[in-house]
file query.txt (compact mmCIF, C-alpha atoms)
# COMPACT_ATOMS: atom_id res chain seq x y z
CA MET A 1 0.00 0.00 0.00
CA GLU A 2 2.76 2.44 0.94
CA ASP A 3 4.55 1.69 -2.35
CA LYS A 4 1.44 2.80 -4.26
CA VAL A 5 1.33 6.00 -2.23
CA ILE A 6 4.99 6.70 -2.97
CA ASP A 7 4.37 6.14 -6.69
CA LEU A 8 1.54 8.68 -6.61
CA VAL A 9 3.72 11.16 -4.73
CA ILE A 10 6.50 10.85 -7.29
CA LYS A 11 4.02 11.37 -10.14
CA ALA A 12 2.49 14.37 -8.38
CA LYS A 13 5.94 15.90 -7.79
CA HIS A 14 6.49 15.70 -11.55
CA GLY A 15 3.31 17.58 -12.37
CA ASP A 16 0.69 14.84 -12.56
CA LYS A 17 -2.44 16.71 -11.39
CA ASP A 18 -4.58 13.57 -11.28
CA ALA A 19 -2.08 11.89 -8.94
CA LYS A 20 -2.05 14.97 -6.69
CA GLN A 21 -5.83 15.11 -6.58
CA GLN A 22 -6.01 11.40 -5.79
CA LEU A 23 -3.57 11.82 -2.90
CA VAL A 24 -5.54 14.74 -1.45
CA LEU A 25 -8.82 12.80 -1.66
CA GLN A 26 -7.32 9.68 -0.10
CA ASN A 27 -5.86 11.66 2.77
CA SER A 28 -8.82 13.95 3.34
CA PRO A 29 -9.74 12.10 6.60
CA LEU A 30 -6.22 12.73 7.94
CA ILE A 31 -6.40 16.44 7.08
CA LYS A 32 -9.84 16.77 8.66
CA SER A 33 -8.78 14.96 11.83
CA LEU A 34 -5.82 17.31 12.30
CA LEU A 35 -7.80 20.52 11.80
CA LYS A 36 -10.49 19.53 14.34
CA ARG A 37 -8.47 20.97 17.23
CA TYR A 38 -8.52 24.42 15.56
CA ILE A 39 -12.28 24.66 14.97
CA GLY A 40 -13.80 27.57 16.86
CA LYS A 41 -10.67 29.73 16.75
CA GLY A 42 -12.12 32.35 14.42
CA VAL A 43 -11.52 30.64 11.08
CA GLU A 44 -14.20 29.00 8.97
CA TYR A 45 -14.04 25.21 8.62
CA ASP A 46 -13.63 25.38 4.83
CA ASP A 47 -10.71 27.78 5.22
CA LEU A 48 -9.07 25.48 7.76
CA TYR A 49 -9.49 22.58 5.36
CA GLN A 50 -7.90 24.56 2.53
CA LEU A 51 -4.97 25.44 4.79
CA GLY A 52 -4.58 21.76 5.65
CA CYS A 53 -4.64 20.86 1.96
CA LEU A 54 -2.02 23.51 1.27
CA GLY A 55 0.25 21.97 3.90
CA PHE A 56 -0.42 18.53 2.43
CA VAL A 57 0.53 19.69 -1.07
CA LYS A 58 3.72 21.20 0.35
CA ALA A 59 4.48 17.78 1.82
CA ILE A 60 4.02 16.21 -1.62
CA ASN A 61 6.42 18.69 -3.19
CA LYS A 62 9.06 18.31 -0.47
CA PHE A 63 8.85 14.56 0.17
CA ASP A 64 11.76 12.29 -0.69
CA PRO A 65 11.39 8.47 -0.46
CA GLN A 66 14.94 8.38 0.92
CA TYR A 67 13.62 9.87 4.18
CA LYS A 68 12.55 6.31 5.12
CA VAL A 69 9.34 7.52 6.73
CA LYS A 70 5.70 6.98 5.82
CA PHE A 71 4.37 9.78 3.68
CA THR A 72 1.37 10.46 5.94
CA THR A 73 3.68 10.71 8.93
CA TYR A 74 5.90 13.14 7.03
CA ALA A 75 2.88 15.19 5.95
CA THR A 76 1.37 15.54 9.43
CA PRO A 77 3.65 18.29 10.85
CA LEU A 78 3.47 20.25 7.59
CA ILE A 79 -0.34 20.21 7.66
CA ILE A 80 -0.38 21.30 11.31
CA GLY A 81 2.33 23.87 10.66
CA GLU A 82 0.42 25.52 7.82
CA ILE A 83 -2.71 25.92 9.97
CA LYS A 84 -0.79 27.08 13.05
CA ARG A 85 1.23 29.62 11.09
CA PHE A 86 -1.93 31.16 9.68
CA LEU A 87 -3.64 31.31 13.09
CA ARG A 88 -0.53 32.68 14.74
CA ASP A 89 0.07 35.34 12.11
CA ASP A 90 -3.62 36.22 12.11
CA GLY A 91 -3.46 36.80 15.84
CA THR A 92 -6.18 34.32 16.77
CA ILE A 93 -3.93 32.04 18.82
CA LYS A 94 -2.89 33.55 22.16
CA VAL A 95 0.26 32.13 23.69
CA SER A 96 -0.34 31.16 27.32
CA ARG A 97 1.93 32.12 30.20
CA SER A 98 3.09 28.51 30.61
CA VAL A 99 4.16 28.37 26.96
CA LYS A 100 6.01 31.67 27.29
CA THR A 101 7.75 30.40 30.43
CA LEU A 102 8.80 27.21 28.66
CA TYR A 103 10.06 29.28 25.73
CA VAL A 104 12.29 31.33 28.03
CA LYS A 105 13.71 28.13 29.55
CA ILE A 106 14.37 26.64 26.12
CA LYS A 107 16.03 29.83 24.90
CA LYS A 108 18.33 29.93 27.94
CA PHE A 109 19.13 26.22 27.61
CA LEU A 110 20.03 26.59 23.92
CA ALA A 111 22.22 29.58 24.72
CA GLU A 112 24.10 27.53 27.32
CA LYS A 113 24.57 24.70 24.80
CA SER A 114 25.50 26.96 21.89
CA GLY A 115 29.15 25.92 22.08
CA ASP A 116 28.41 22.18 21.91
CA PRO A 117 29.44 20.33 18.72
CA VAL A 118 25.89 18.99 18.32
CA PRO A 119 22.86 21.14 19.25
CA PRO A 120 20.44 19.55 21.76
CA THR A 121 17.61 17.61 20.17
CA VAL A 122 13.92 17.99 20.90
CA GLU A 123 14.09 14.73 22.88
CA VAL A 124 16.91 16.10 25.05
CA MET A 125 15.01 19.32 25.74
CA ALA A 126 11.83 17.42 26.56
CA THR A 127 13.74 15.32 29.11
CA GLU A 128 15.49 18.39 30.52
CA PHE A 129 12.22 20.20 31.25
CA GLY A 130 10.02 17.18 31.95
CA VAL A 131 7.55 17.86 29.15
CA SER A 132 6.56 16.13 25.91
CA LYS A 133 8.23 16.65 22.54
CA GLU A 134 4.99 18.22 21.30
CA ASP A 135 5.18 20.81 24.12
CA ILE A 136 8.74 21.74 23.11
CA ILE A 137 7.74 22.02 19.46
CA PHE A 138 4.69 24.15 20.24
CA ALA A 139 6.64 26.53 22.50
CA MET A 140 9.34 26.97 19.84
CA GLU A 141 6.85 27.52 17.04
CA ALA A 142 4.39 29.69 18.94
CA SER A 143 7.09 31.97 20.34
CA HIS A 144 8.82 32.64 17.01
CA MET A 145 12.05 31.01 18.08
CA PRO A 146 14.97 31.26 15.64
CA LEU A 147 14.80 27.53 14.95
CA PRO A 148 12.30 27.07 12.08
CA LEU A 149 10.28 23.91 12.55
CA PHE A 150 8.99 23.56 9.01
CA ASN A 151 11.47 25.61 6.95
CA ASN A 152 14.41 23.84 5.39
CA ALA A 153 18.03 24.92 5.48
CA GLU A 154 20.91 23.80 3.29
CA ASN A 155 23.42 21.17 4.34
CA ASP A 156 27.17 21.32 3.78
CA ASP A 157 26.75 20.17 0.17
CA GLY A 158 24.39 23.02 -0.65
CA GLU A 159 21.41 20.69 -0.86
CA GLU A 160 18.14 21.19 1.01
CA ALA A 161 18.26 19.42 4.36
CA LEU A 162 15.47 17.97 6.48
CA SER A 163 13.62 20.51 8.60
CA LEU A 164 13.35 20.09 12.37
CA GLY A 165 9.78 18.85 12.10
CA GLU A 166 10.74 16.33 9.44
CA LYS A 167 13.59 15.00 11.58
CA ILE A 168 11.22 14.53 14.51
CA VAL A 169 8.71 12.41 12.61
CA ALA A 170 11.49 10.52 10.86
CA ALA A 171 12.84 9.52 14.26
CA ASP A 172 9.47 8.57 15.74
CA ASP A 173 6.69 7.92 13.24
CA SER A 174 4.66 5.19 14.93
CA HIS A 175 2.42 7.12 17.33
CA TYR A 176 2.85 10.76 16.31
CA VAL A 177 -0.71 11.44 15.14
CA ASP A 178 -2.32 9.34 17.89
CA ASN A 179 -0.35 11.16 20.58
CA LEU A 180 -1.38 14.54 19.23
CA MET A 181 -5.05 13.57 19.10
CA ILE A 182 -5.05 12.01 22.59
CA LYS A 183 -3.32 15.05 24.05
CA ASP A 184 -5.86 17.33 22.38
CA LEU A 185 -8.79 15.33 23.75
CA LEU A 186 -7.35 15.22 27.30
CA SER A 187 -6.88 18.99 27.29
CA LYS A 188 -10.62 19.42 26.65
CA LEU A 189 -11.77 17.19 29.51
CA PRO A 190 -12.99 18.66 32.83
CA ASN A 191 -10.29 18.64 35.50
CA ARG A 192 -11.67 15.67 37.46
CA GLU A 193 -12.14 13.49 34.38
CA ARG A 194 -8.65 14.33 33.12
CA LYS A 195 -7.11 13.40 36.49
CA VAL A 196 -8.92 10.05 36.51
CA ILE A 197 -7.60 9.12 33.05
CA LEU A 198 -4.07 10.33 33.78
CA LEU A 199 -3.91 8.35 37.02
CA ARG A 200 -5.47 5.23 35.52
CA TYR A 201 -3.64 5.03 32.20
CA TYR A 202 -0.46 7.06 32.62
CA ARG A 203 0.40 6.17 36.23
CA ASN A 204 -1.20 2.70 36.24
CA ALA A 205 -3.23 3.39 39.39
CA THR A 206 -6.12 1.08 40.27
CA GLN A 207 -9.66 2.41 40.52
CA SER A 208 -9.44 2.12 44.30
CA GLU A 209 -6.21 4.15 44.40
CA VAL A 210 -7.72 6.80 42.15
CA ALA A 211 -10.82 6.95 44.35
CA ARG A 212 -8.70 7.56 47.47
CA GLN A 213 -6.56 10.24 45.82
CA LEU A 214 -9.51 12.16 44.40
CA ASN A 215 -11.88 11.58 47.33
CA LEU A 216 -14.36 9.71 45.16
CA SER A 217 -16.07 6.35 45.40
CA GLN A 218 -14.80 3.51 43.24
CA VAL A 219 -18.18 3.48 41.49
CA GLN A 220 -17.75 7.14 40.56
CA VAL A 221 -14.29 6.48 39.21
CA SER A 222 -15.59 3.58 37.13
CA ARG A 223 -18.41 5.67 35.68
CA ILE A 224 -16.09 8.56 34.84
CA GLU A 225 -13.60 6.22 33.21
CA GLN A 226 -16.24 4.52 31.06
CA LYS A 227 -17.73 7.86 30.04
CA VAL A 228 -14.37 9.23 28.92
CA LEU A 229 -13.48 6.04 27.05
CA ARG A 230 -16.78 6.25 25.15
CA THR A 231 -16.02 9.87 24.32
CA MET A 232 -12.57 8.90 23.05
CA ARG A 233 -13.99 6.12 20.87
CA ASP A 234 -16.51 8.54 19.37
CA TYR A 235 -13.78 11.14 18.87
CA PHE A 236 -11.51 8.80 16.93
CA ASN A 237 -14.31 7.15 14.98
CA ALA A 238 -15.66 10.53 13.92
CA ASP A 239 -12.42 11.24 12.05
CA GLU A 240 -13.37 8.64 9.49
CA HIS A 241 -16.73 10.26 8.77
CA VAL A 242 -16.05 14.01 8.86
CA ILE A 243 -17.67 15.68 5.87
call {"tool": "encode", "arguments": {"input": "query.txt", "output": "structure tokens"}}
result
Amino acid sequence: MEDKVIDLVIKAKHGDKDAKQQLVLQNSPLIKSLLKRYIGKGVEYDDLYQLGCLGFVKAINKFDPQYKVKFTTYATPLIIGEIKRFLRDDGTIKVSRSVKTLYVKIKKFLAEKSGDPVPPTVEVMATEFGVSKEDIIFAMEASHMPLPLFNNAENDDGEEALSLGEKIVAADDSHYVDNLMIKDLLSKLPNRERKVILLRYYRNATQSEVARQLNLSQVQVSRIEQKVLRTMRDYFNADEHVI
């Protein structure tokens, strides 16, 4: 299946409009699932979809099979980047205090490591500050840091090199989209529900332990857990049917 996708990408890169249109149609569910988190931020749904398609087409034009990464995985950060850049430049996304604080820490850390032979990776920074890679990426992108996530530079041979975002997905392509979607859903949950899920599935606590920590009954914990799991199933299943 992936070989067929690569063949279409190569044809599209060489000007085959039918191949490009076929790729966009096939990946429309992916584009729609990624733009869901930005609905309600002052931009019409159709405009968001067009921005996502623009990022997807950029991925087609920039993709190289030698990257050894699935095309959809490669395309994901470019789709998100196109939407986020528009929202950021349009002034509809407001950077929170926590993001600004993280940005200051990252900037200071990079300054301290500026003399190192190899700059610190996103993984290293995530470990240093105890946050996820996505948090590091968002802080860098949202705060206009001088490390472009989706713009390419040239390597020592004068050829276009992989961007930071492309290197990230090339290094870890298995759960990138799922992690983004799960994180987005958790951020929308009420505080109590979010704590239950985090304790149960990220800290492996039993329902009884969660009940004690949150001053709830085990029955309440069970009901909350089942409700959130149903919501998550509906959330992921809806991506396949977005019109």
call {"tool": "residues_around", "arguments": {"input": "query.txt", "residues": "range 226-235 of chain A", "least_positions_apart": "3", "cutoff": "9 Å", "atoms": "only C-alpha atoms", "output": "mmCIF file with C-alpha atoms, in the frame of the given file"}}
result
data_model
loop_
_atom_site.group_PDB
_atom_site.id
_atom_site.type_symbol
_atom_site.label_atom_id
_atom_site.label_comp_id
_atom_site.auth_asym_id
_atom_site.auth_seq_id
_atom_site.Cartn_x
_atom_site.Cartn_y
_atom_site.Cartn_z
ATOM 1 C CA ILE A 182 -5.050 12.010 22.590
ATOM 2 C CA LEU A 185 -8.790 15.330 23.750
ATOM 3 C CA LEU A 189 -11.770 17.190 29.510
ATOM 4 C CA GLU A 193 -12.140 13.490 34.380
ATOM 5 C CA ARG A 194 -8.650 14.330 33.120
ATOM 6 C CA ILE A 197 -7.600 9.120 33.050
ATOM 7 C CA VAL A 221 -14.290 6.480 39.210
ATOM 8 C CA SER A 222 -15.590 3.580 37.130
ATOM 9 C CA ARG A 223 -18.410 5.670 35.680
ATOM 10 C CA ALA A 238 -15.660 10.530 13.920
ATOM 11 C CA ASP A 239 -12.420 11.240 12.050
#
call {"tool": "atom_distance", "arguments": {"input": "query.txt", "atom1": "CA of Leu35 in chain A", "atom2": "CA of Lys84 in chain A"}}
result
9.7 Å
call {"tool": "atom_distance", "arguments": {"input": "query.txt", "atom1": "CA of Leu78 in chain A", "atom2": "CA of Lys13 in chain A"}}
result
16.2 Å
call {"tool": "closest_residue", "arguments": {"input": "query.txt", "among": "A:Thr121, A:Asn61, A:Ser187, A:Gln26", "to": "Lys11 in chain A", "atoms": "all atoms listed in the file"}}
result
A:Asn61
call {"tool": "closest_residue", "arguments": {"input": "query.txt", "among": "A:Ala139, A:Ile224, A:Ile6, A:Leu186", "to": "Pro65 in chain A", "atoms": "all atoms listed in the file"}}
result
A:Ile6
call {"tool": "atom_distance", "arguments": {"input": "query.txt", "atom1": "CA of Arg192 in chain A", "atom2": "CA of Leu214 in chain A"}}
result
8.1 Å
